[in-house]
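Below: query_22.cif (mmCIF, C-alpha atoms)
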```cif
data_structure
#
loop_
_atom_site.label_atom_id
_atom_site.label_comp_id
_atom_site.auth_asym_id
_atom_site.auth_seq_id
_atom_site.Cartn_x
_atom_site.Cartn_y
_atom_site.Cartn_z
CA MET A 19 0.00 0.00 0.00
CA MET A 20 1.33 3.50 -0.98
CA THR A 21 1.74 5.87 1.91
CA LEU A 22 0.73 9.54 1.81
CA GLU A 23 4.31 10.67 1.95
CA ARG A 24 5.24 8.41 -0.97
CA TRP A 25 2.35 9.77 -3.04
CA LYS A 26 3.35 13.43 -2.42
CA LYS A 27 6.94 12.72 -3.48
CA ASP A 28 5.86 10.99 -6.71
CA GLU A 29 3.49 13.85 -7.54
CA ALA A 30 6.27 16.45 -7.04
CA ASP A 31 8.59 14.48 -9.33
CA ARG A 32 5.88 14.24 -11.99
CA GLN A 33 5.23 18.02 -11.88
CA ALA A 34 8.97 18.76 -12.15
CA ALA A 35 9.25 16.48 -15.19
CA LEU A 36 6.30 18.21 -16.86
CA GLU A 37 7.85 21.70 -16.19
CA ALA A 38 11.17 20.61 -17.69
CA LYS A 39 9.37 19.25 -20.72
CA ARG A 40 7.47 22.52 -21.19
CA LYS A 41 10.72 24.57 -21.02
CA VAL A 42 12.36 22.32 -23.62
CA GLU A 43 9.34 22.67 -25.90
CA ALA A 44 9.23 26.45 -25.46
CA GLU A 45 12.94 26.72 -26.22
CA ARG A 46 12.42 24.63 -29.37
CA LEU A 47 9.52 26.75 -30.57
CA ARG A 48 11.10 30.17 -29.73
CA PRO A 49 12.21 32.02 -32.83
CA PRO A 50 15.92 32.68 -33.14
CA GLU A 51 17.16 35.97 -31.52
CA GLU A 52 17.28 38.92 -33.87
CA PRO A 53 20.88 39.95 -34.50
CA PHE A 54 22.12 43.37 -33.39
CA ILE A 55 22.72 46.07 -35.97
CA THR A 56 25.00 49.08 -35.61
CA ARG A 57 24.22 52.67 -36.50
CA ILE A 58 26.22 55.89 -36.16
CA VAL A 59 24.12 58.96 -35.39
CA SER A 60 25.64 62.46 -35.59
CA ILE A 61 24.56 64.71 -32.71
CA ASP A 62 24.37 68.37 -33.67
CA TYR A 63 22.86 70.22 -30.73
CA ALA A 64 22.37 67.98 -27.69
CA ASP A 65 24.99 66.88 -25.17
CA ALA A 66 26.10 63.51 -26.56
CA LYS A 67 27.15 62.08 -23.18
CA LYS A 68 23.87 62.95 -21.46
CA LEU A 69 21.90 61.63 -24.42
CA MET A 70 23.85 58.36 -24.26
CA GLU A 71 22.86 57.88 -20.60
CA ASN A 72 19.20 58.41 -21.42
CA LEU A 73 19.22 55.97 -24.37
CA ILE A 74 20.88 53.18 -22.38
CA ASP A 75 18.03 53.37 -19.85
CA LEU A 76 15.55 52.92 -22.70
CA LEU A 77 17.10 49.68 -24.04
CA PRO A 78 15.29 46.43 -23.05
CA LYS A 79 16.94 44.33 -20.35
CA ASP A 80 17.80 40.62 -20.39
CA LYS A 81 16.98 38.18 -17.60
CA ASP A 82 20.04 39.41 -15.66
CA GLY A 83 18.93 43.07 -15.88
CA LYS A 84 21.63 44.06 -18.37
CA PRO A 85 20.82 46.23 -21.42
CA MET A 86 20.28 44.33 -24.64
CA GLY A 87 22.59 46.41 -26.79
CA SER A 88 24.98 49.31 -26.21
CA VAL A 89 25.38 53.05 -26.82
CA LYS A 90 28.79 54.72 -26.96
CA VAL A 91 30.02 58.27 -27.66
CA ASP A 92 32.62 59.23 -30.24
CA GLU A 93 33.91 62.56 -28.92
CA HIS A 94 35.87 63.37 -32.08
CA SER A 95 32.76 63.55 -34.25
CA ASN A 96 30.28 64.11 -31.41
CA SER A 97 28.35 61.06 -32.57
CA LEU A 98 26.58 58.11 -30.95
CA ILE A 99 27.46 54.54 -31.87
CA ILE A 100 24.31 52.50 -31.23
CA GLN A 101 24.21 48.70 -31.30
CA ALA A 102 20.76 47.20 -30.81
CA ARG A 103 18.03 45.10 -32.39
CA LYS A 104 16.29 46.64 -35.38
CA GLU A 105 13.00 47.10 -33.55
CA ASP A 106 14.79 48.88 -30.68
CA MET A 107 16.72 51.03 -33.17
CA VAL A 108 13.47 52.10 -34.83
CA ARG A 109 12.10 53.08 -31.43
CA LEU A 110 15.21 55.09 -30.40
CA PHE A 111 15.62 57.19 -33.57
CA PRO A 112 12.48 59.35 -33.09
CA ILE A 113 13.58 60.03 -29.51
CA ILE A 114 16.97 61.24 -30.72
CA ALA A 115 15.35 63.46 -33.34
CA LYS A 116 13.07 64.96 -30.69
CA ILE A 117 15.94 65.82 -28.36
CA ASP A 118 18.70 66.76 -30.82
CA LYS A 119 17.27 70.01 -32.12
CA PRO A 120 18.37 73.64 -31.84
CA THR A 121 17.22 75.41 -28.71
CA PRO A 122 16.33 79.11 -28.75
CA GLN A 123 19.05 81.65 -28.14
CA ILE A 124 18.44 84.69 -25.98
CA LEU A 125 20.13 88.05 -26.40
CA ILE A 126 20.39 89.77 -23.04
CA LYS A 127 21.13 93.48 -22.88
CA ALA A 128 21.81 95.03 -19.50
CA ASN A 129 22.59 98.47 -18.17
CA ILE A 130 24.08 98.59 -14.69
CA VAL A 131 23.65 102.08 -13.28
CA GLU A 132 24.80 103.53 -9.97
CA THR A 133 22.81 106.47 -8.73
CA THR A 134 24.19 108.53 -5.88
CA LYS A 135 21.94 110.90 -3.99
CA ASP A 136 23.97 113.28 -1.86
CA THR A 137 21.78 115.94 -0.32
CA ALA A 138 24.04 118.18 1.72
CA ARG A 139 22.74 121.36 3.30
CA ASN A 140 25.25 123.52 5.10
CA LEU A 141 24.84 126.89 6.78
CA GLY A 142 27.91 128.86 7.71
CA ILE A 143 28.60 132.16 9.44
CA GLN A 144 31.62 134.49 9.40
CA TRP A 145 31.79 137.77 11.19
CA GLY A 146 34.38 140.16 12.45
CA GLY A 147 35.57 143.73 11.98
CA MET A 148 37.50 146.38 13.85
CA TYR A 149 36.62 148.78 16.66
CA GLY A 150 38.82 151.60 17.92
CA HIS A 151 38.26 154.03 20.79
CA THR A 152 40.27 156.35 23.01
CA LEU A 153 40.02 155.46 26.66
CA GLY A 154 41.87 157.62 29.26
CA GLY A 155 44.16 159.04 26.61
CA GLN A 156 45.03 155.50 25.35
CA ALA A 157 43.92 153.92 22.12
CA LEU A 158 41.73 150.80 22.55
CA TYR A 159 41.30 148.45 19.63
CA ILE A 160 39.10 145.36 19.41
CA THR A 161 40.38 143.22 16.56
CA PRO A 162 39.65 139.70 15.26
CA GLY A 163 43.22 138.71 16.06
CA GLY A 164 46.04 137.98 13.68
CA THR A 165 49.69 137.24 13.14
CA GLY A 166 52.40 139.17 11.33
CA GLY A 167 52.06 142.64 9.84
CA SER A 168 52.16 145.91 11.76
CA ALA A 169 49.74 148.00 13.83
CA LEU A 170 51.95 151.15 13.72
CA SER A 171 51.04 154.32 11.84
CA PRO A 172 50.52 154.97 9.04
CA THR A 173 49.48 151.33 8.63
CA GLY A 174 47.49 150.98 11.80
CA PRO A 175 44.99 148.23 12.62
CA PHE A 176 42.25 149.83 10.51
CA ALA A 177 44.42 149.48 7.39
CA GLY A 178 44.18 145.68 7.70
CA SER A 179 47.93 145.27 7.21
CA TYR A 180 48.15 142.07 9.19
CA THR A 181 47.62 138.36 8.67
CA ALA A 182 44.22 137.35 10.01
CA ALA A 183 44.22 134.48 12.46
CA SER A 184 41.49 132.76 10.46
CA GLY A 185 43.58 132.90 7.32
CA VAL A 186 40.99 134.95 5.41
CA LYS A 187 39.75 138.53 5.33
CA GLY A 188 36.37 139.90 4.45
CA ILE A 189 35.70 142.47 1.76
CA ALA A 190 36.17 145.19 4.40
CA GLY A 191 39.82 144.18 4.61
CA GLN A 192 39.52 142.88 8.20
CA GLY A 193 39.76 139.32 9.47
CA PHE A 194 36.92 137.25 10.82
CA GLY A 195 36.73 136.69 14.54
CA ILE A 196 34.10 133.98 14.10
CA ASN A 197 34.88 131.87 11.05
CA PHE A 198 32.64 128.84 10.35
CA PRO A 199 32.12 128.96 6.58
CA VAL A 200 30.40 126.34 4.46
CA GLN A 201 32.81 123.60 3.47
CA GLY A 202 33.43 123.27 -0.24
CA THR A 203 32.35 126.76 -1.21
CA THR A 204 34.31 126.44 -4.45
CA THR A 205 31.08 124.99 -5.86
CA ALA A 206 27.87 126.92 -6.39
CA SER A 207 26.55 128.36 -3.13
CA ALA A 208 24.59 131.28 -1.74
CA SER A 209 26.19 134.05 0.29
CA LEU A 210 24.94 137.20 2.04
CA GLY A 211 27.22 139.93 3.37
CA LEU A 212 26.54 142.86 5.71
CA ILE A 213 28.95 145.70 6.49
CA PHE A 214 28.13 148.29 9.09
CA GLY A 215 30.43 151.26 9.69
CA THR A 216 33.12 153.05 7.71
CA ILE A 217 35.78 151.21 5.74
CA GLY A 218 39.11 152.09 7.28
CA SER A 219 37.42 152.93 10.57
CA ASN A 220 35.06 151.19 12.95
CA VAL A 221 33.37 148.44 10.97
CA LEU A 222 31.31 145.29 11.57
CA GLU A 223 31.16 142.70 8.82
CA LEU A 224 28.85 139.68 8.70
CA GLN A 225 28.63 136.99 6.03
CA LEU A 226 26.13 134.15 5.83
CA THR A 227 26.78 131.32 3.37
CA ALA A 228 24.63 128.39 2.37
CA LEU A 229 25.35 125.43 0.13
CA GLN A 230 23.31 122.54 -1.15
CA LYS A 231 24.69 119.73 -3.28
CA ASP A 232 22.75 116.99 -5.02
CA GLY A 233 23.82 113.66 -6.41
CA LYS A 234 24.77 112.11 -9.71
CA LEU A 235 24.14 109.07 -11.90
CA ARG A 236 26.89 106.87 -13.32
CA ILE A 237 26.72 103.94 -15.76
CA LEU A 238 28.94 101.16 -14.42
CA SER A 239 28.56 98.71 -17.29
CA SER A 240 26.42 97.98 -20.37
CA PRO A 241 27.03 94.31 -21.23
CA SER A 242 25.30 92.45 -24.07
CA ILE A 243 25.34 88.63 -23.85
CA THR A 244 23.86 85.88 -26.03
CA THR A 245 23.21 82.50 -24.41
CA LEU A 246 21.30 79.28 -25.07
CA ASP A 247 18.02 78.37 -23.46
CA ASN A 248 18.54 77.09 -19.89
CA GLN A 249 22.24 78.01 -19.97
CA LYS A 250 23.77 80.40 -17.43
CA ALA A 251 25.34 83.63 -18.65
CA PHE A 252 27.26 86.03 -16.44
CA THR A 253 29.30 89.21 -16.49
CA GLU A 254 31.39 90.75 -13.76
CA ASN A 255 33.76 93.64 -13.22
CA GLY A 256 35.79 94.68 -10.21
CA GLU A 257 39.18 94.07 -8.69
CA LYS A 258 41.16 91.77 -6.44
CA ILE A 259 41.81 93.15 -2.97
CA PRO A 260 45.09 92.05 -1.34
CA TYR A 261 45.18 91.01 2.30
CA VAL A 262 47.96 89.63 4.48
CA THR A 263 47.68 86.42 6.46
CA THR A 264 50.18 84.18 8.24
CA GLU A 265 51.17 80.60 7.58
CA THR A 266 53.28 78.25 9.66
CA THR A 267 55.70 75.92 7.87
CA GLY A 268 58.15 73.80 9.85
CA GLY A 269 57.66 75.96 12.92
CA THR A 270 58.39 79.15 10.97
CA ILE A 271 55.67 81.80 10.77
CA SER A 272 55.64 83.76 7.54
CA LYS A 273 53.37 86.41 6.06
CA VAL A 274 51.53 85.57 2.85
CA VAL A 275 49.67 87.95 0.56
CA LYS A 276 46.37 86.62 -0.76
CA PHE A 277 43.63 88.21 -2.81
CA GLU A 278 39.86 88.42 -2.40
CA ASN A 279 37.50 89.35 -5.22
CA ALA A 280 35.50 92.55 -4.85
CA VAL A 281 33.26 92.56 -7.92
CA LEU A 282 29.87 93.40 -9.27
CA ARG A 283 28.56 90.16 -10.80
CA LEU A 284 25.37 89.56 -12.78
CA GLU A 285 24.21 85.98 -13.49
CA ILE A 286 21.19 85.19 -15.68
CA THR A 287 19.70 81.81 -16.62
CA PRO A 288 16.87 82.28 -19.15
CA HIS A 289 14.25 79.73 -20.23
CA VAL A 290 11.86 80.24 -23.14
CA ILE A 291 8.34 79.16 -22.11
CA ASP A 292 6.16 79.54 -25.17
CA GLY A 293 8.10 81.63 -27.64
CA LYS A 294 6.74 84.88 -26.20
CA ASN A 295 7.53 84.68 -22.50
CA LEU A 296 10.70 83.82 -20.63
CA LYS A 297 11.40 82.61 -17.13
CA MET A 298 14.56 84.18 -15.80
CA LYS A 299 16.67 83.30 -12.81
CA ILE A 300 18.75 86.36 -11.88
CA LEU A 301 21.54 86.65 -9.33
CA VAL A 302 23.26 89.95 -8.53
CA GLN A 303 26.30 90.17 -6.26
CA LYS A 304 27.98 93.43 -5.27
CA ASP A 305 31.12 93.59 -3.15
CA GLU A 306 32.29 96.88 -1.69
CA VAL A 307 35.54 97.67 0.11
CA ASP A 308 35.11 99.54 3.40
CA PRO A 309 38.49 101.13 4.25
CA SER A 310 37.07 102.72 7.40
CA ARG A 311 37.06 99.30 9.09
CA ASN A 312 39.93 96.85 9.06
CA VAL A 313 41.52 93.93 10.88
CA ASP A 314 45.31 94.11 11.09
CA GLY A 315 45.25 96.62 8.24
CA ASN A 316 43.06 94.45 6.00
CA PRO A 317 39.86 96.29 5.01
CA TYR A 318 36.37 94.86 5.36
CA ILE A 319 34.59 93.73 2.20
CA ILE A 320 30.84 94.33 2.36
CA LYS A 321 28.95 91.71 0.36
CA LYS A 322 25.44 92.22 -0.96
CA GLN A 323 23.39 89.70 -2.93
CA THR A 324 19.99 89.66 -4.60
CA GLU A 325 18.41 86.59 -6.21
CA THR A 326 15.04 86.39 -7.92
CA ASN A 327 12.96 84.34 -10.37
CA LEU A 328 10.49 86.08 -12.63
CA ILE A 329 8.58 85.83 -15.90
CA VAL A 330 9.07 88.52 -18.54
CA GLN A 331 7.82 89.03 -22.07
CA ASP A 332 10.14 88.93 -25.07
CA GLY A 333 11.71 92.38 -25.45
CA GLU A 334 10.36 93.70 -22.14
CA THR A 335 12.70 95.59 -19.79
CA ILE A 336 12.83 94.74 -16.10
CA VAL A 337 14.51 96.71 -13.33
CA ILE A 338 16.19 95.26 -10.25
CA SER A 339 16.83 97.64 -7.39
CA SER A 340 17.82 96.44 -3.93
CA LEU A 341 21.55 97.09 -3.55
CA THR A 342 21.22 100.26 -1.49
CA LYS A 343 23.43 101.99 1.06
CA GLN A 344 22.17 104.99 3.00
CA LYS A 345 24.00 107.28 5.44
CA ASN A 346 22.81 110.32 7.41
CA LEU A 347 25.23 112.77 8.97
CA GLU A 348 24.75 115.88 11.11
CA SER A 349 27.60 118.08 12.30
CA ILE A 350 27.90 121.31 14.28
CA SER A 351 31.10 123.30 14.72
CA GLY A 352 31.48 126.46 16.72
CA VAL A 353 32.91 128.25 19.72
CA PRO A 354 32.59 126.14 22.90
CA TRP A 355 29.79 127.25 25.26
CA LEU A 356 28.89 130.26 23.13
CA LYS A 357 27.42 128.07 20.37
CA ASP A 358 25.01 126.55 22.88
CA ILE A 359 23.36 129.87 23.83
CA PRO A 360 19.75 129.89 22.63
CA ILE A 361 19.23 132.06 19.50
CA LEU A 362 22.47 134.01 19.97
CA GLY A 363 24.37 130.73 19.58
CA TRP A 364 23.84 130.91 15.80
CA LEU A 365 26.36 133.75 15.72
CA PHE A 366 29.05 131.40 16.97
CA LYS A 367 28.50 128.16 15.05
CA GLY A 368 28.06 126.54 11.67
CA GLU A 369 25.79 123.57 10.94
CA GLY A 370 25.89 120.84 8.35
CA LYS A 371 23.38 118.12 7.46
CA SER A 372 23.88 115.50 4.79
CA GLU A 373 22.06 112.46 3.48
CA SER A 374 23.81 110.11 1.11
CA MET A 375 22.31 107.11 -0.65
CA GLU A 376 24.00 104.84 -3.14
CA GLU A 377 21.78 102.55 -5.18
CA VAL A 378 22.60 100.15 -8.02
CA LEU A 379 19.86 99.82 -10.65
CA ILE A 380 20.03 96.99 -13.18
CA PHE A 381 17.96 97.25 -16.38
CA ILE A 382 17.66 93.91 -18.21
CA THR A 383 16.07 93.39 -21.64
CA PRO A 384 15.92 89.79 -23.01
CA SER A 385 15.15 89.12 -26.69
CA ILE A 386 14.48 85.67 -28.17
CA LEU A 387 16.49 84.97 -31.34
CA LYS A 388 14.82 82.82 -33.99
CA PRO A 389 16.28 79.28 -34.24
CA GLN A 390 17.82 77.96 -37.44
CA ALA A 391 16.34 75.13 -39.50
CA ILE A 392 16.55 71.66 -37.93
CA ALA A 393 18.84 69.15 -39.65
CA GLY A 394 17.58 65.57 -39.98
CA ILE A 395 19.27 62.38 -38.74
CA GLN A 396 21.01 60.33 -41.38
CA GLU A 397 20.07 56.68 -40.95
CA GLY A 398 22.13 53.78 -42.19
CA PRO A 399 20.85 50.98 -44.40
#
```
Could you write out this file's structure as structure tokens?
Amino acid sequence: MMTLERWKKDEADRQAALEAKRKVEAERLRPPEEPFITRIVSIDYADAKKLMENLIDLLPKDKDGKPMGSVKVDEHSNSLIIQARKEDMVRLFPIIAKIDKPTPQILIKANIVETTKDTARNLGIQWGGMYGHTLGGQALYITPGGTGGSALSPTGPFAGSYTAASGVKGIAGQGFGINFPVQGTTTASASLGLIFGTIGSNVLELQLTALQKDGKLRILSSPSITTLDNQKAFTENGEKIPYVTTETTGGTISKVVKFENAVLRLEITPHVIDGKNLKMKILVQKDEVDPSRNVDGNPYIIKKQTETNLIVQDGETIVISSLTKQKNLESISGVPWLKDIPILGWLFKGEGKSESMEEVLIFITPSILKPQAIAGIQEGP
């Protein structure tokens, strides 16, 4: 009598024999494998190495997961050498034609402008003169003070034959006792003078001066760059700033001069969306040397950066403005204590107020250039 265990073993053997027979029959009936063919495809516009990686992933795999065929790059001719079955070759060629085509070119015109707004308002005062009087049979003179010259007759103090302590004399020929003029009066300014008395005798002279200066606009650069779609283009100008550092070699400390870039850099990566609009990635970097601050004699470098993504129409101009520096300054100079007297203190002091603002404006105009005609792929027999 056959046991259950014996029956299970016989049934497993029978099933294994049937499976082996089916595999042999399937192998006999399977058509012979199609031989590989080789084609050389010239790549005109695309990156041949990146295209090769994409095509290898599209080849069918064998039972071990390896590609059935191969794709290689000939760098000399920028061509692809493809070895695959005919049906796979027919499937790959339209993909190559779709990818290997000219991409749009973009002409980018930029104007980098620095506008400086310096609003400086200064009010100055200068006054002095000469007073003479006889007191108890003695001559008393009140003068603005001076050095050199002579106070003896006939060129007495009223003649102004002396060097004024302030270094200047008014139109009355006398020096100024209070001298706080507007700085930089070589430029256009306003001035008001008052003389009271007799020239060559007792005289009081007063001059008020006022000055206001505005800013200026300066074009830093006007680059024009042509680049491919989705390819970065950049322009920069500036200088290398030297700085000194120390290095230790074999226990010996030595000074080494190195350089750090201080530049204005503009990076643009354009992408054509639909032939009329562009997506633009823009990066602006501006480095500025600050000599007023330093470490061991090496100046600070102030770094500013602006990055943005935007959509712009073909031929439209965009403006980027964010690289701004602003400084306010107030100054008062005058005679100690006297300048602090309410109202009367204005006779003994000069005042200056200034506001300065530096701003970099970048005007960017992208224009899409029409692509050339697309060349076809030459297939082999």
Please write as a list in words the full residue list that the PyMOL selection byres ((chain A and resi 92-96) around 8) yields on this file.
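Written out, the selection comes to Ser60, Ile61, Asp62, Ala66, Lys90, Val91, Ser97, Leu98 and Ile99 of chain A.
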Selection: 7 Å around Glu257 of chain A, all atoms listed in the file, excl. self and same-chain fewer than 6 positions, as a PDB file with C-alpha atoms, keeping the file's coordinate frame:
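To be explicit, this is the file written out as result11.pdb:
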```pdb
ATOM      1  CA  ASN A 279      37.500  89.350  -5.220  1.00  0.00           C
ATOM      2  CA  ALA A 280      35.500  92.550  -4.850  1.00  0.00           C
ATOM      3  CA  VAL A 281      33.260  92.560  -7.920  1.00  0.00           C
TER       4      VAL A 281
END
```
List the residues matched by the PyMOL selection byres ((chain A and resi 100) around 9) in the displayed structure as a PyMOL selection string, ordered by chain and then by residue number.
chain A and resi 55-59+87-91+98-99+101-102+107
Counting only C-alpha atoms, which residue out of A:Tyr261, A:Pro317, A:Lys41, A:Thr134 sits closest to Lys273 of chain A?
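So, comparing all the options, the nearest one is A:Tyr261.
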Just so the selection is clear, what residues does the PyMOL selection byres ((chain A and resi 334) around 9) cover here, as an MDAnalysis selection string?
chainID A and resid 330:333 335:336 382:385
With a distance cut-off of 12 Å and all atoms listed in the file, select the neighbouring residues of Glu254 of chain A, excluding the residue or stretch itself and same-chain residues fewer than 4 positions from it, and output the selection as a JSON list (two decimals) with C-alpha atoms, keeping the file's coordinate frame.
```json
[["chain", "number", "residue", "atom", "x", "y", "z"],
["A", 128, "ALA", "CA", 21.81, 95.03, -19.50],
["A", 130, "ILE", "CA", 24.08, 98.59, -14.69],
["A", 238, "LEU", "CA", 28.94, 101.16, -14.42],
["A", 239, "SER", "CA", 28.56, 98.71, -17.29],
["A", 240, "SER", "CA", 26.42, 97.98, -20.37],
["A", 241, "PRO", "CA", 27.03, 94.31, -21.23],
["A", 243, "ILE", "CA", 25.34, 88.63, -23.85],
["A", 279, "ASN", "CA", 37.50, 89.35, -5.22],
["A", 280, "ALA", "CA", 35.50, 92.55, -4.85],
["A", 281, "VAL", "CA", 33.26, 92.56, -7.92],
["A", 282, "LEU", "CA", 29.87, 93.40, -9.27],
["A", 283, "ARG", "CA", 28.56, 90.16, -10.80],
["A", 284, "LEU", "CA", 25.37, 89.56, -12.78],
["A", 285, "GLU", "CA", 24.21, 85.98, -13.49],
["A", 286, "ILE", "CA", 21.19, 85.19, -15.68],
["A", 301, "LEU", "CA", 21.54, 86.65, -9.33],
["A", 302, "VAL", "CA", 23.26, 89.95, -8.53],
["A", 303, "GLN", "CA", 26.30, 90.17, -6.26],
["A", 304, "LYS", "CA", 27.98, 93.43, -5.27],
["A", 305, "ASP", "CA", 31.12, 93.59, -3.15]]
```
Gap from atom CA of Lys321 of chain A to atom CA of Thr253 of chain A - Å, one decimal
17.0 Å
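Atom to atom, atom CA of Ile117 of chain A and atom CA of Pro53 of chain A stand 27.0 Å apart.
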In terms of the shortest atom-to-atom distance over only C-alpha atoms, which of A:Asp358, A:Asp80, A:Glu265, A:Glu105 is closest to Glu52 of chain A?
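Closest candidate: A:Glu105.
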Tell me which of A:Leu76, A:Leu387, A:Ala34, A:Ile259 sits closest to Lys294 of chain A, counting all atoms listed in the file.
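Ranking A:Leu76, A:Leu387, A:Ala34, A:Ile259 by distance to Lys294 of chain A, first place goes to A:Leu387.
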Report the distance between atom CA of Lys127 of chain A and atom CA of Lys250 of chain A in Å, rounded to one decimal place.
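Going from atom CA of Lys127 of chain A over to atom CA of Lys250 of chain A, I get 14.4 Å.
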Rank A:Lys67, A:Val378, A:Ser310, A:Thr152 by their smallest atom-to-atom distance to Lys322 of chain A, using all atoms listed in the file, and report the top residue only.
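Ranked by minimum distance to Lys322 of chain A, first place goes to A:Val378.
Counting all atoms listed in the file, the residue from A:Val262, A:Pro288, A:Lys26, A:Glu376 that sits nearest to Thr244 of chain A is A:Pro288.
The residue that comes closest to Phe252 of chain A, out of A:Arg109, A:Lys299, A:Arg32, A:Lys68 and on the basis of all atoms listed in the file, is A:Lys299.
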Hey, can you pull every residue with an atom no more than 10 Å from (33.4, 91.6, 5.1), using all atoms listed in the file, and send it as a PyMOL selection string?
chain A and resi 305-308+311-312+317-321
